[in-house]
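Undergrad: Below is the file coords.cif, with mmCIF, C-alpha atoms.
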data_target
loop_
_atom_site.group_PDB
_atom_site.id
_atom_site.type_symbol
_atom_site.label_atom_id
_atom_site.label_comp_id
_atom_site.auth_asym_id
_atom_site.auth_seq_id
_atom_site.Cartn_x
_atom_site.Cartn_y
_atom_site.Cartn_z
ATOM 1 C CA SER G 581 74.914 83.975 83.717
ATOM 2 C CA ILE G 582 73.176 84.611 87.072
ATOM 3 C CA HIS G 583 70.836 87.572 86.654
ATOM 4 C CA HIS G 584 67.668 87.791 84.568
ATOM 5 C CA HIS G 585 67.197 91.561 84.776
ATOM 6 C CA PRO G 586 65.309 92.887 81.699
ATOM 7 C CA GLU G 587 67.989 95.477 80.901
ATOM 8 C CA LEU G 588 70.670 92.811 81.065
ATOM 9 C CA GLN G 589 68.691 90.452 78.846
ATOM 10 C CA GLU G 590 68.197 93.260 76.330
ATOM 11 C CA ASP G 591 71.945 93.942 76.280
ATOM 12 C CA LEU G 592 72.696 90.245 75.807
ATOM 13 C CA ALA G 593 70.199 90.033 72.962
ATOM 14 C CA GLN G 594 71.875 92.960 71.210
ATOM 15 C CA THR G 595 75.384 91.549 71.600
ATOM 16 C CA GLY G 596 74.415 87.968 70.794
ATOM 17 C CA LEU G 597 76.724 86.603 73.488
ATOM 18 C CA PRO G 598 76.242 82.822 73.859
ATOM 19 C CA LEU G 599 76.100 82.830 77.661
ATOM 20 C CA ARG G 600 75.062 79.814 79.707
ATOM 21 C CA LYS G 601 72.944 79.920 82.871
ATOM 22 C CA LEU G 602 74.733 79.069 86.087
ATOM 23 C CA ASP G 603 71.540 77.356 87.276
ATOM 24 C CA GLU G 604 72.327 74.570 84.797
ATOM 25 C CA ALA G 605 75.321 73.424 86.853
ATOM 26 C CA ARG G 606 75.102 69.957 88.372
ATOM 27 C CA ASP G 607 78.301 70.131 90.413
ATOM 28 C CA ALA G 608 81.182 72.455 91.251
ATOM 29 C CA GLU G 609 83.019 71.557 88.039
ATOM 30 C CA ASP G 610 79.985 72.628 86.017
ATOM 31 C CA VAL G 611 79.927 75.950 87.884
ATOM 32 C CA TYR G 612 83.562 76.549 86.989
ATOM 33 C CA ASP G 613 83.103 75.487 83.366
ATOM 34 C CA ILE G 614 80.029 77.691 82.870
ATOM 35 C CA ALA G 615 81.688 80.716 84.471
ATOM 36 C CA LEU G 616 84.832 80.241 82.363
ATOM 37 C CA HIS G 617 82.793 79.724 79.186
ATOM 38 C CA ASN G 618 80.859 82.936 79.767
ATOM 39 C CA LEU G 619 83.972 84.927 80.595
ATOM 40 C CA LEU G 620 85.830 83.675 77.530
ATOM 41 C CA ALA G 621 82.825 84.328 75.275
ATOM 42 C CA THR G 622 82.776 87.921 76.495
ATOM 43 C CA ILE G 623 86.528 88.305 76.008
ATOM 44 C CA VAL G 624 86.462 86.832 72.495
ATOM 45 C CA GLN G 625 83.663 89.149 71.421
ATOM 46 C CA GLY G 626 85.355 92.173 73.009
ATOM 47 C CA THR G 627 88.746 91.474 71.446
ATOM 48 C CA GLY G 628 87.047 90.869 68.108
ATOM 49 C CA MET G 629 85.518 94.331 68.291
ATOM 50 C CA ILE G 630 88.904 95.818 69.153
ATOM 51 C CA GLU G 631 90.507 94.006 66.217
ATOM 52 C CA HIS G 632 87.792 95.163 63.812
ATOM 53 C CA ASN G 633 87.631 98.777 64.966
ATOM 54 C CA GLY G 634 91.386 99.061 65.358
ATOM 55 C CA LYS G 635 91.877 98.737 61.605
ATOM 56 C CA ALA G 636 90.727 102.351 61.322
ATOM 57 C CA TRP G 637 93.528 103.688 63.546
ATOM 58 C CA PRO G 638 96.147 104.212 60.791
ATOM 59 C CA SER G 639 93.823 106.548 58.913
ATOM 60 C CA VAL G 640 92.087 108.351 61.790
ATOM 61 C CA ASN G 641 94.748 108.464 64.508
ATOM 62 C CA PRO G 642 98.253 107.587 63.259
ATOM 63 C CA ALA G 643 101.308 108.069 65.468
ATOM 64 C CA PRO G 644 104.027 109.458 63.181
ATOM 65 C CA LEU G 645 106.279 110.931 65.890
ATOM 66 C CA PHE G 646 106.076 107.773 67.991
ATOM 67 C CA SER G 647 106.694 105.630 64.895
ATOM 68 C CA ALA G 648 109.669 107.768 63.820
ATOM 69 C CA ALA G 649 111.404 106.835 67.092
ATOM 70 C CA MET G 650 111.107 103.092 66.334
ATOM 71 C CA ARG G 651 113.700 101.456 64.093
ATOM 72 C CA ASP G 652 111.366 98.786 62.776
ATOM 73 C CA CYS G 653 108.658 101.263 61.791
ATOM 74 C CA ILE G 654 111.225 103.162 59.725
ATOM 75 C CA ALA G 655 112.619 99.976 58.146
ATOM 76 C CA ASN G 656 109.112 98.695 57.373
ATOM 77 C CA ARG G 657 107.931 102.134 56.217
ATOM 78 C CA LYS G 658 104.828 101.621 58.338
ATOM 79 C CA ASP G 659 103.213 103.584 61.133
ATOM 80 C CA TYR G 660 103.060 101.756 64.439
ATOM 81 C CA THR G 661 99.262 101.730 64.249
ATOM 82 C CA ALA G 662 99.554 99.853 60.929
ATOM 83 C CA GLY G 663 101.777 97.157 62.415
ATOM 84 C CA GLY G 664 105.164 98.655 61.607
ATOM 85 C CA GLY G 665 106.695 97.832 64.986
ATOM 86 C CA ARG G 666 108.509 94.650 65.903
ATOM 87 C CA TYR G 667 106.205 94.113 68.889
ATOM 88 C CA ASN G 668 102.497 94.783 68.522
ATOM 89 C CA PRO G 669 100.691 93.649 71.689
ATOM 90 C CA THR G 670 97.426 94.955 73.094
ATOM 91 C CA ALA G 671 96.637 94.767 76.797
ATOM 92 C CA LEU G 672 93.636 92.688 77.820
ATOM 93 C CA PRO G 673 92.719 94.292 81.171
ATOM 94 C CA LEU G 674 90.504 92.285 83.509
ATOM 95 C CA VAL G 675 88.678 93.710 86.501
ATOM 96 C CA GLY G 676 87.091 92.017 89.515
ATOM 97 C CA PHE G 677 89.464 89.038 89.615
ATOM 98 C CA ALA G 678 89.166 88.497 93.379
ATOM 99 C CA ASN G 679 85.365 88.785 93.174
ATOM 100 C CA LEU G 680 85.312 85.983 90.615
ATOM 101 C CA VAL G 681 87.636 83.716 92.600
ATOM 102 C CA ASP G 682 85.673 84.349 95.799
ATOM 103 C CA SER G 683 82.325 83.773 94.076
ATOM 104 C CA LEU G 684 83.468 80.443 92.630
ATOM 105 C CA HIS G 685 84.811 79.370 96.016
ATOM 106 C CA VAL G 686 81.623 80.377 97.869
ATOM 107 C CA VAL G 687 79.352 78.481 95.468
ATOM 108 C CA ARG G 688 81.626 75.435 95.527
ATOM 109 C CA HIS G 689 81.787 75.394 99.318
ATOM 110 C CA LEU G 690 78.188 76.210 100.283
ATOM 111 C CA CYS G 691 76.297 74.480 97.480
ATOM 112 C CA PHE G 692 78.423 71.393 96.820
ATOM 113 C CA GLU G 693 81.131 70.665 99.402
ATOM 114 C CA THR G 694 78.838 71.190 102.382
ATOM 115 C CA GLY G 695 75.515 71.052 100.525
ATOM 116 C CA LYS G 696 74.187 73.623 102.952
ATOM 117 C CA TYR G 697 72.269 75.519 100.264
ATOM 118 C CA ASP G 698 70.621 74.500 97.037
ATOM 119 C CA LEU G 699 72.341 76.189 94.088
ATOM 120 C CA HIS G 700 69.151 77.578 92.546
ATOM 121 C CA ASP G 701 67.931 78.926 95.905
ATOM 122 C CA PHE G 702 71.308 80.494 96.608
ATOM 123 C CA LEU G 703 71.390 82.175 93.201
ATOM 124 C CA ASP G 704 67.878 83.499 93.818
ATOM 125 C CA VAL G 705 69.225 85.237 96.925
ATOM 126 C CA VAL G 706 72.026 86.800 94.849
ATOM 127 C CA ARG G 707 69.502 87.835 92.185
ATOM 128 C CA ALA G 708 67.480 89.541 94.925
ATOM 129 C CA ASN G 709 70.568 91.608 95.801
ATOM 130 C CA TRP G 710 70.752 89.764 99.152
ATOM 131 C CA GLU G 711 67.659 91.645 100.354
ATOM 132 C CA GLY G 712 66.034 89.852 103.279
ATOM 133 C CA HIS G 713 69.039 87.520 103.622
ATOM 134 C CA GLU G 714 71.547 89.571 105.590
ATOM 135 C CA ALA G 715 72.466 86.621 107.837
ATOM 136 C CA LEU G 716 73.405 84.540 104.809
ATOM 137 C CA ARG G 717 75.345 87.457 103.356
ATOM 138 C CA ARG G 718 77.316 87.830 106.616
ATOM 139 C CA GLU G 719 78.010 84.090 106.537
ATOM 140 C CA VAL G 720 79.296 84.369 102.960
ATOM 141 C CA ILE G 721 81.502 87.371 103.724
ATOM 142 C CA ALA G 722 82.975 85.576 106.753
ATOM 143 C CA LEU G 723 84.128 82.570 104.682
ATOM 144 C CA PRO G 724 87.835 82.235 103.801
ATOM 145 C CA LYS G 725 88.626 84.090 100.590
ATOM 146 C CA TYR G 726 91.297 85.058 98.136
ATOM 147 C CA GLY G 727 93.866 86.937 100.220
ATOM 148 C CA ASP G 728 93.986 84.359 103.036
ATOM 149 C CA ASN G 729 96.739 82.380 101.283
ATOM 150 C CA LEU G 730 94.928 79.052 101.720
ATOM 151 C CA PRO G 731 95.977 76.099 99.521
ATOM 152 C CA ASP G 732 92.541 75.280 98.067
ATOM 153 C CA ILE G 733 91.722 78.902 97.188
ATOM 154 C CA ASN G 734 95.230 79.468 95.832
ATOM 155 C CA ALA G 735 94.792 76.389 93.637
ATOM 156 C CA LEU G 736 91.498 77.796 92.328
ATOM 157 C CA THR G 737 93.208 81.148 91.698
ATOM 158 C CA LYS G 738 96.024 79.502 89.748
ATOM 159 C CA ARG G 739 93.628 77.343 87.749
ATOM 160 C CA LEU G 740 91.529 80.321 86.737
ATOM 161 C CA SER G 741 94.468 82.549 85.775
ATOM 162 C CA ASP G 742 96.125 79.671 83.870
ATOM 163 C CA ASP G 743 92.912 78.928 81.956
ATOM 164 C CA LEU G 744 92.423 82.586 81.065
ATOM 165 C CA TYR G 745 95.979 82.739 79.737
ATOM 166 C CA HIS G 746 95.851 79.524 77.706
ATOM 167 C CA HIS G 747 92.461 80.333 76.153
ATOM 168 C CA THR G 748 93.331 83.906 75.183
ATOM 169 C CA ARG G 749 96.953 83.688 74.055
ATOM 170 C CA GLY G 750 95.880 82.849 70.484
ATOM 171 C CA LEU G 751 93.783 86.010 70.069
ATOM 172 C CA ARG G 752 95.220 88.619 67.703
ATOM 173 C CA ASN G 753 94.716 92.357 67.396
ATOM 174 C CA GLU G 754 94.429 94.466 64.245
ATOM 175 C CA ARG G 755 98.237 94.690 63.946
ATOM 176 C CA GLY G 756 98.685 90.939 64.134
ATOM 177 C CA GLY G 757 100.041 91.137 67.657
ATOM 178 C CA PRO G 758 98.851 89.202 70.732
ATOM 179 C CA PHE G 759 96.440 90.243 73.437
ATOM 180 C CA GLN G 760 98.313 90.125 76.748
ATOM 181 C CA LEU G 761 96.539 89.534 80.049
ATOM 182 C CA CYS G 762 96.504 92.495 82.393
ATOM 183 C CA TYR G 763 95.167 92.499 85.950
ATOM 184 C CA PHE G 764 95.304 96.257 86.116
ATOM 185 C CA VAL G 765 92.872 99.041 85.293
ATOM 186 C CA TYR G 766 92.763 102.687 86.324
ATOM 187 C CA ILE G 767 89.300 103.550 87.674
ATOM 188 C CA GLU G 768 87.303 101.010 85.655
ATOM 189 C CA TYR G 769 86.822 98.899 88.795
ATOM 190 C CA MET G 770 84.617 101.763 89.998
ATOM 191 C CA HIS G 771 82.897 102.313 86.635
ATOM 192 C CA TRP G 772 82.114 98.657 85.957
ATOM 193 C CA GLY G 773 81.277 98.016 89.579
ATOM 194 C CA ARG G 774 78.363 100.433 89.298
ATOM 195 C CA LYS G 775 77.087 98.478 86.284
ATOM 196 C CA THR G 776 77.558 94.996 87.739
ATOM 197 C CA PHE G 777 74.763 93.256 89.608
ATOM 198 C CA ALA G 778 75.255 91.367 92.883
ATOM 199 C CA THR G 779 77.753 88.518 92.969
ATOM 200 C CA PRO G 780 77.924 85.303 95.057
ATOM 201 C CA ASP G 781 80.779 86.633 97.200
ATOM 202 C CA GLY G 782 78.369 88.936 99.066
ATOM 203 C CA ARG G 783 78.815 91.967 96.832
ATOM 204 C CA ARG G 784 75.634 94.001 96.244
ATOM 205 C CA ASN G 785 74.370 95.675 93.083
ATOM 206 C CA GLY G 786 76.670 98.524 92.116
ATOM 207 C CA ASP G 787 79.355 97.871 94.725
ATOM 208 C CA LEU G 788 82.943 98.361 93.604
ATOM 209 C CA LEU G 789 84.822 95.479 92.044
ATOM 210 C CA SER G 790 88.198 94.306 93.279
ATOM 211 C CA LEU G 791 91.308 96.101 92.084
ATOM 212 C CA GLY G 792 94.034 94.258 90.162
ATOM 213 C CA ILE G 793 95.168 91.139 92.033
ATOM 214 C CA SER G 794 94.284 92.676 95.391
ATOM 215 C CA PRO G 795 91.790 90.946 97.697
ATOM 216 C CA SER G 796 88.182 92.076 97.560
ATOM 217 C CA ARG G 797 87.366 95.014 99.815
ATOM 218 C CA LEU G 798 84.570 92.839 101.264
ATOM 219 C CA HIS G 799 87.237 90.644 102.806
ATOM 220 C CA ARG G 800 88.976 92.737 105.446
ATOM 221 C CA ILE G 801 92.298 91.136 106.354
ATOM 222 C CA ASP G 802 95.288 92.416 108.317
ATOM 223 C CA SER G 803 98.067 90.272 106.893
ATOM 224 C CA ILE G 804 100.109 91.764 104.077
ATOM 225 C CA THR G 805 102.030 88.493 103.825
ATOM 226 C CA SER G 806 98.914 86.431 103.139
ATOM 227 C CA ALA G 807 97.720 88.942 100.525
ATOM 228 C CA ILE G 808 101.076 88.638 98.765
ATOM 229 C CA GLY G 809 100.922 84.838 99.048
ATOM 230 C CA SER G 810 97.531 84.700 97.378
ATOM 231 C CA ALA G 811 98.616 87.076 94.623
ATOM 232 C CA ALA G 812 101.648 84.857 93.954
ATOM 233 C CA SER G 813 99.236 82.130 92.819
ATOM 234 C CA VAL G 814 98.954 84.090 89.572
ATOM 235 C CA ASP G 815 101.855 83.340 87.239
ATOM 236 C CA MET G 816 103.234 86.769 86.357
ATOM 237 C CA ARG G 817 104.881 85.336 83.224
ATOM 238 C CA GLN G 818 101.347 85.082 81.857
ATOM 239 C CA CYS G 819 100.536 88.730 82.629
ATOM 240 C CA ALA G 820 102.867 90.598 80.305
ATOM 241 C CA ALA G 821 100.629 93.675 80.382
ATOM 242 C CA ASN G 822 100.965 93.997 84.173
ATOM 243 C CA ALA G 823 99.251 92.904 87.382
ATOM 244 C CA ILE G 824 98.970 95.251 90.338
ATOM 245 C CA LEU G 825 98.696 94.585 94.058
ATOM 246 C CA ASP G 826 97.316 97.564 95.973
ATOM 247 C CA LEU G 827 98.231 97.922 99.635
ATOM 248 C CA GLN G 828 96.894 100.710 101.834
ATOM 249 C CA LEU G 829 99.050 101.108 104.938
ATOM 250 C CA PRO G 830 98.606 103.166 108.115
ATOM 251 C CA LEU G 831 100.655 106.354 108.105
ATOM 252 C CA GLY G 832 103.455 106.485 110.636
ATOM 253 C CA HIS G 833 103.956 102.711 110.931
ATOM 254 C CA LEU G 834 106.263 102.134 107.974
ATOM 255 C CA ASN G 835 109.997 102.452 108.649
ATOM 256 C CA PRO G 836 112.837 101.703 106.184
ATOM 257 C CA ASP G 837 113.454 98.189 107.551
ATOM 258 C CA VAL G 838 109.803 97.193 107.263
ATOM 259 C CA LEU G 839 109.535 98.727 103.807
ATOM 260 C CA MET G 840 112.629 96.855 102.636
ATOM 261 C CA ALA G 841 111.308 93.552 104.013
ATOM 262 C CA LEU G 842 107.933 94.127 102.356
ATOM 263 C CA GLU G 843 109.486 94.896 98.977
ATOM 264 C CA ARG G 844 111.906 91.961 99.185
ATOM 265 C CA THR G 845 109.026 89.604 99.948
ATOM 266 C CA PHE G 846 107.050 91.013 97.039
ATOM 267 C CA VAL G 847 109.956 90.536 94.642
ATOM 268 C CA ALA G 848 110.809 87.070 95.993
ATOM 269 C CA GLU G 849 107.269 85.923 95.182
ATOM 270 C CA GLY G 850 107.767 87.012 91.580
ATOM 271 C CA LEU G 851 105.011 89.617 91.561
ATOM 272 C CA ALA G 852 104.813 92.495 89.105
ATOM 273 C CA THR G 853 103.652 95.886 90.414
ATOM 274 C CA LEU G 854 103.209 96.998 94.020
ATOM 275 C CA GLN G 855 101.129 100.111 94.621
ATOM 276 C CA MET G 856 101.238 101.487 98.146
ATOM 277 C CA ASN G 857 99.448 104.264 99.947
ATOM 278 C CA CYS G 858 100.415 105.375 103.452
ATOM 279 C CA VAL G 859 97.375 107.142 104.820
ATOM 280 C CA ASP G 860 95.817 108.524 107.990
ATOM 281 C CA LEU G 861 92.105 107.868 107.573
ATOM 282 C CA GLU G 862 91.159 110.633 109.971
ATOM 283 C CA ALA G 863 93.318 113.056 107.972
ATOM 284 C CA LEU G 864 91.447 112.033 104.815
ATOM 285 C CA ARG G 865 88.108 112.635 106.522
ATOM 286 C CA GLU G 866 89.362 115.988 107.817
ATOM 287 C CA ALA G 867 90.411 116.912 104.282
ATOM 288 C CA ARG G 868 86.858 116.201 103.161
ATOM 289 C CA ARG G 869 85.549 118.654 105.762
ATOM 290 C CA HIS G 870 88.211 121.357 105.295
ATOM 291 C CA PRO G 871 89.843 120.962 101.856
ATOM 292 C CA GLU G 872 91.404 124.435 102.079
ATOM 293 C CA LEU G 873 93.694 123.171 104.857
ATOM 294 C CA HIS G 874 94.943 120.078 102.969
ATOM 295 C CA GLN G 875 95.939 121.322 99.529
ATOM 296 C CA ASP G 876 99.243 119.402 99.701
ATOM 297 C CA LEU G 877 97.734 115.979 100.525
ATOM 298 C CA ILE G 878 98.650 113.587 97.687
ATOM 299 C CA VAL G 879 97.305 110.033 97.388
ATOM 300 C CA ARG G 880 97.824 107.124 95.025
ATOM 301 C CA VAL G 881 94.579 106.200 93.272
ATOM 302 C CA CYS G 882 95.391 103.466 90.751
ATOM 303 C CA GLY G 883 98.185 103.993 88.288
ATOM 304 C CA PHE G 884 98.264 107.692 89.044
ATOM 305 C CA SER G 885 98.640 110.058 91.975
ATOM 306 C CA ALA G 886 96.479 113.088 92.670
ATOM 307 C CA HIS G 887 95.787 115.829 95.184
ATOM 308 C CA TYR G 888 93.158 114.298 97.432
ATOM 309 C CA VAL G 889 91.045 117.449 97.712
ATOM 310 C CA ASN G 890 90.781 117.696 93.902
ATOM 311 C CA LEU G 891 89.270 114.234 93.519
ATOM 312 C CA PRO G 892 85.485 113.852 93.212
ATOM 313 C CA GLU G 893 83.777 112.895 96.457
ATOM 314 C CA TRP G 894 82.960 109.359 95.346
ATOM 315 C CA MET G 895 86.651 108.755 94.617
ATOM 316 C CA GLN G 896 87.643 110.241 97.975
ATOM 317 C CA ASP G 897 85.190 107.860 99.646
ATOM 318 C CA GLU G 898 86.660 104.916 97.725
ATOM 319 C CA LEU G 899 90.119 105.617 99.143
ATOM 320 C CA ILE G 900 88.739 105.810 102.676
ATOM 321 C CA GLU G 901 86.909 102.503 102.210
ATOM 322 C CA ARG G 902 89.935 100.511 101.052
ATOM 323 C CA ASN G 903 91.277 97.798 103.295
ATOM 324 C CA LEU G 904 93.869 99.192 105.719
ATOM 325 C CA TYR G 905 96.524 96.570 106.383
ATOM 326 C CA ALA G 906 98.057 96.275 109.821
ATOM 327 C CA MET G 907 101.769 96.895 110.297
ATOM 328 C CA ALA G 908 103.523 94.827 112.922
#
Rewrite the structure from the file as structure tokens, please.

TA:
Amino acid sequence: SIHHHPELQEDLAQTGLPLRKLDEARDAEDVYDIALHNLLATIVQGTGMIEHNGKAWPSVNPAPLFSAAMRDCIANRKDYTAGGGRYNPTALPLVGFANLVDSLHVVRHLCFETGKYDLHDFLDVVRANWEGHEALRREVIALPKYGDNLPDINALTKRLSDDLYHHTRGLRNERGGPFQLCYFVYIEYMHWGRKTFATPDGRRNGDLLSLGISPSRLHRIDSITSAIGSAASVDMRQCAANAILDLQLPLGHLNPDVLMALERTFVAEGLATLQMNCVDLEALREARRHPELHQDLIVRVCGFSAHYVNLPEWMQDELIERNLYAMA
């Protein structure tokens, strides 16, 4: 809805997605409505493809052993892939949530609340991948963002997550079950980040997208409490397929009392999944230089753990670049 790149236009023509141009917006409400319309149009088409293609699963990839362990599949005499189970949901994983919230907030603040920049001119800067506008990009990155636990941004976060839930809860998969929102992916935030053009939050072409309900890596903050507070704006009852908050902590600063307080706060806010890494950044860099000396170094990537030295270099770099939260 922002970029006019020929390859993107060709892809849109092939998919037939009815996307609207963000330049058409007359006020901040229009920006929100256009962004939500485009996101929902993409989701509806994607889930429709899953529903259509999924009908082939019972014949090409049935799950007889899995189904045999489920009482309802036996009673219904149906494989799970054919809808034999009592519960038949499909996860609807979303990536780049913080980037979207931040982008909406930036456009609302700079182009409408303050009127400092014309919307079309600002979008032209984004379309140019921020080239020649580094001062503006620094200004954008320095603005308050998701993760700062501010009332207006939290309200925007809640509105967006609520709208996504209410507009997708009626979608059905090939087994007749619901699609359930999921703010959790494995490494797709890296994969799709490479394919995503620049965004209004200061992100450049190909930069990584945000992970789960964690703040964007563009927004370096120290406060774990504020990150948890922002994440709590998302109603976890609407995210049955999971929502993950990733926290990278400095090694050697986490004692049992602090860990217990952190986990109690997380639970008290009603959040779903907490993924923590305790790392020494210099040790990670040393492992890059001398992998033979760090064969036992294990890190948490996203949903899985791995020996750091066995990861590809771009994934090792991604772990080093994550926000490192301070520990009081």

Undergrad: Let me know the residues the PyMOL selection byres ((chain G and resi 906) around 8) catches in the file above, as JSON, numbers by chain.

TA: {"G": [802, 803, 804, 829, 830, 904, 905, 907, 908]}

Undergrad: Quick one: which residues end up in the PyMOL selection byres ((chain G and resi 765-777) around 9) for this structure, as an MDAnalysis selection string?

TA: chainID G and resid 583 673:676 706:707 709 762:764 778:779 783:792 824 881:884 895 898

Undergrad: If you keep C-alpha atoms, can you produce a file of those selected residues as a PDB file, keeping the file's coordinate frame?

TA:
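Just written: part_7.pdb:
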ATOM      1  CA  HIS G 583      70.836  87.572  86.654  1.00  0.00           C
ATOM      2  CA  PRO G 673      92.719  94.292  81.171  1.00  0.00           C
ATOM      3  CA  LEU G 674      90.504  92.285  83.509  1.00  0.00           C
ATOM      4  CA  VAL G 675      88.678  93.710  86.501  1.00  0.00           C
ATOM      5  CA  GLY G 676      87.091  92.017  89.515  1.00  0.00           C
ATOM      6  CA  VAL G 706      72.026  86.800  94.849  1.00  0.00           C
ATOM      7  CA  ARG G 707      69.502  87.835  92.185  1.00  0.00           C
ATOM      8  CA  ASN G 709      70.568  91.608  95.801  1.00  0.00           C
ATOM      9  CA  CYS G 762      96.504  92.495  82.393  1.00  0.00           C
ATOM     10  CA  TYR G 763      95.167  92.499  85.950  1.00  0.00           C
ATOM     11  CA  PHE G 764      95.304  96.257  86.116  1.00  0.00           C
ATOM     12  CA  ALA G 778      75.255  91.367  92.883  1.00  0.00           C
ATOM     13  CA  THR G 779      77.753  88.518  92.969  1.00  0.00           C
ATOM     14  CA  ARG G 783      78.815  91.967  96.832  1.00  0.00           C
ATOM     15  CA  ARG G 784      75.634  94.001  96.244  1.00  0.00           C
ATOM     16  CA  ASN G 785      74.370  95.675  93.083  1.00  0.00           C
ATOM     17  CA  GLY G 786      76.670  98.524  92.116  1.00  0.00           C
ATOM     18  CA  ASP G 787      79.355  97.871  94.725  1.00  0.00           C
ATOM     19  CA  LEU G 788      82.943  98.361  93.604  1.00  0.00           C
ATOM     20  CA  LEU G 789      84.822  95.479  92.044  1.00  0.00           C
ATOM     21  CA  SER G 790      88.198  94.306  93.279  1.00  0.00           C
ATOM     22  CA  LEU G 791      91.308  96.101  92.084  1.00  0.00           C
ATOM     23  CA  GLY G 792      94.034  94.258  90.162  1.00  0.00           C
ATOM     24  CA  ILE G 824      98.970  95.251  90.338  1.00  0.00           C
ATOM     25  CA  VAL G 881      94.579 106.200  93.272  1.00  0.00           C
ATOM     26  CA  CYS G 882      95.391 103.466  90.751  1.00  0.00           C
ATOM     27  CA  GLY G 883      98.185 103.993  88.288  1.00  0.00           C
ATOM     28  CA  PHE G 884      98.264 107.692  89.044  1.00  0.00           C
ATOM     29  CA  MET G 895      86.651 108.755  94.617  1.00  0.00           C
ATOM     30  CA  GLU G 898      86.660 104.916  97.725  1.00  0.00           C
TER      31      GLU G 898
END

Undergrad: Neighbours of Tyr612 (chain G) within 8 Å (only C-alpha atoms; same-chain residues fewer than 4 positions away dropped), as a list in words?

TA: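 Within the cut-off, the hits are Ala608, Leu616 and Leu684 of chain G.
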
Undergrad: Quick check on the file I pasted: which residues fall under the PyMOL selection byres ((chain G and resi 868) around 12)? Write them as a list of chain:residue names.

TA: G:Leu861, G:Glu862, G:Ala863, G:Leu864, G:Arg865, G:Glu866, G:Ala867, G:Arg869, G:His870, G:Pro871, G:Glu872, G:Leu873, G:His874, G:Gln875, G:Leu877, G:His887, G:Tyr888, G:Val889, G:Asn890, G:Leu891, G:Pro892, G:Glu893, G:Trp894, G:Met895, G:Gln896, G:Asp897, G:Leu899, G:Ile900

Undergrad: Edge lengths and centre in Å to one decimal, as JSON, of the axis-aligned box that encloses all listed atoms of region 760-767 of chain G with 5 Å added on every side?

TA:
{"center_x": 93.8, "center_y": 96.5, "center_z": 82.2, "size_x": 19.0, "size_y": 24.0, "size_z": 20.9}

Undergrad: With distances taken over only C-alpha atoms, which of G:Arg739, G:Arg902, G:Arg800, G:Arg755 is nearest to Leu827 (chain G)?

TA: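 Nearest candidate to Leu827 (chain G) out of G:Arg739, G:Arg902, G:Arg800, G:Arg755: G:Arg902.
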
Undergrad: State, in Å with one decimal place, the distance from CA of Val838 (chain G) to CA of Ile878 (chain G).

TA: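 Taking CA of Val838 (chain G) and CA of Ile878 (chain G), their separation equals 22.0 Å.
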
Undergrad: Quick check, in Å to one decimal: how far apart do CA of Ser647 (chain G) and CA of Thr661 (chain G) lie?

TA: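 Distance between the two atoms: 8.4 Å.
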
Undergrad: Separation of CA of Gly756 (chain G) and CA of Glu631 (chain G), in Å?

TA: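 Answer for the CA of Gly756 (chain G) to CA of Glu631 (chain G) separation: 9.0 Å.
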
Undergrad: Write out as JSON, numbers by chain each polymer residue whose atoms come within 12 Å of Thr627 (chain G), counting all atoms listed in the file; drop sequence neighbours fewer than 3 positions from it.

TA: {"G": [620, 621, 622, 623, 624, 630, 631, 632, 633, 634, 670, 671, 672, 673, 748, 749, 750, 751, 752, 753, 754, 757, 758, 759, 760, 761]}

Undergrad: Using only C-alpha atoms, which of the listed residues (G:Leu599, G:Ala841, G:Val611, G:Val814) sits closest to Ile733 (chain G)?

TA: G:Val814

Undergrad: Could you list, as a PyMOL selection string, every residue within 7 Å of Ser810 (chain G), counting all atoms listed in the file and ignoring same-chain residues fewer than 2 positions away?

TA: chain G and resi 726-729+734+806-808+812-813

Undergrad: Ranking G:Pro836, G:Arg666, G:Tyr697, G:Met629 by minimum distance to Ile654 (chain G) and counting all atoms listed in the file, which one comes first?

TA: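 Counting all atoms listed in the file, the residue closest to Ile654 (chain G) is G:Arg666.
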
Undergrad: Looking at all atoms listed in the file, which of G:Glu849, G:Asp610, G:Asp837, G:Glu604 is the one that sits closest to His700 (chain G)?

TA: G:Glu604
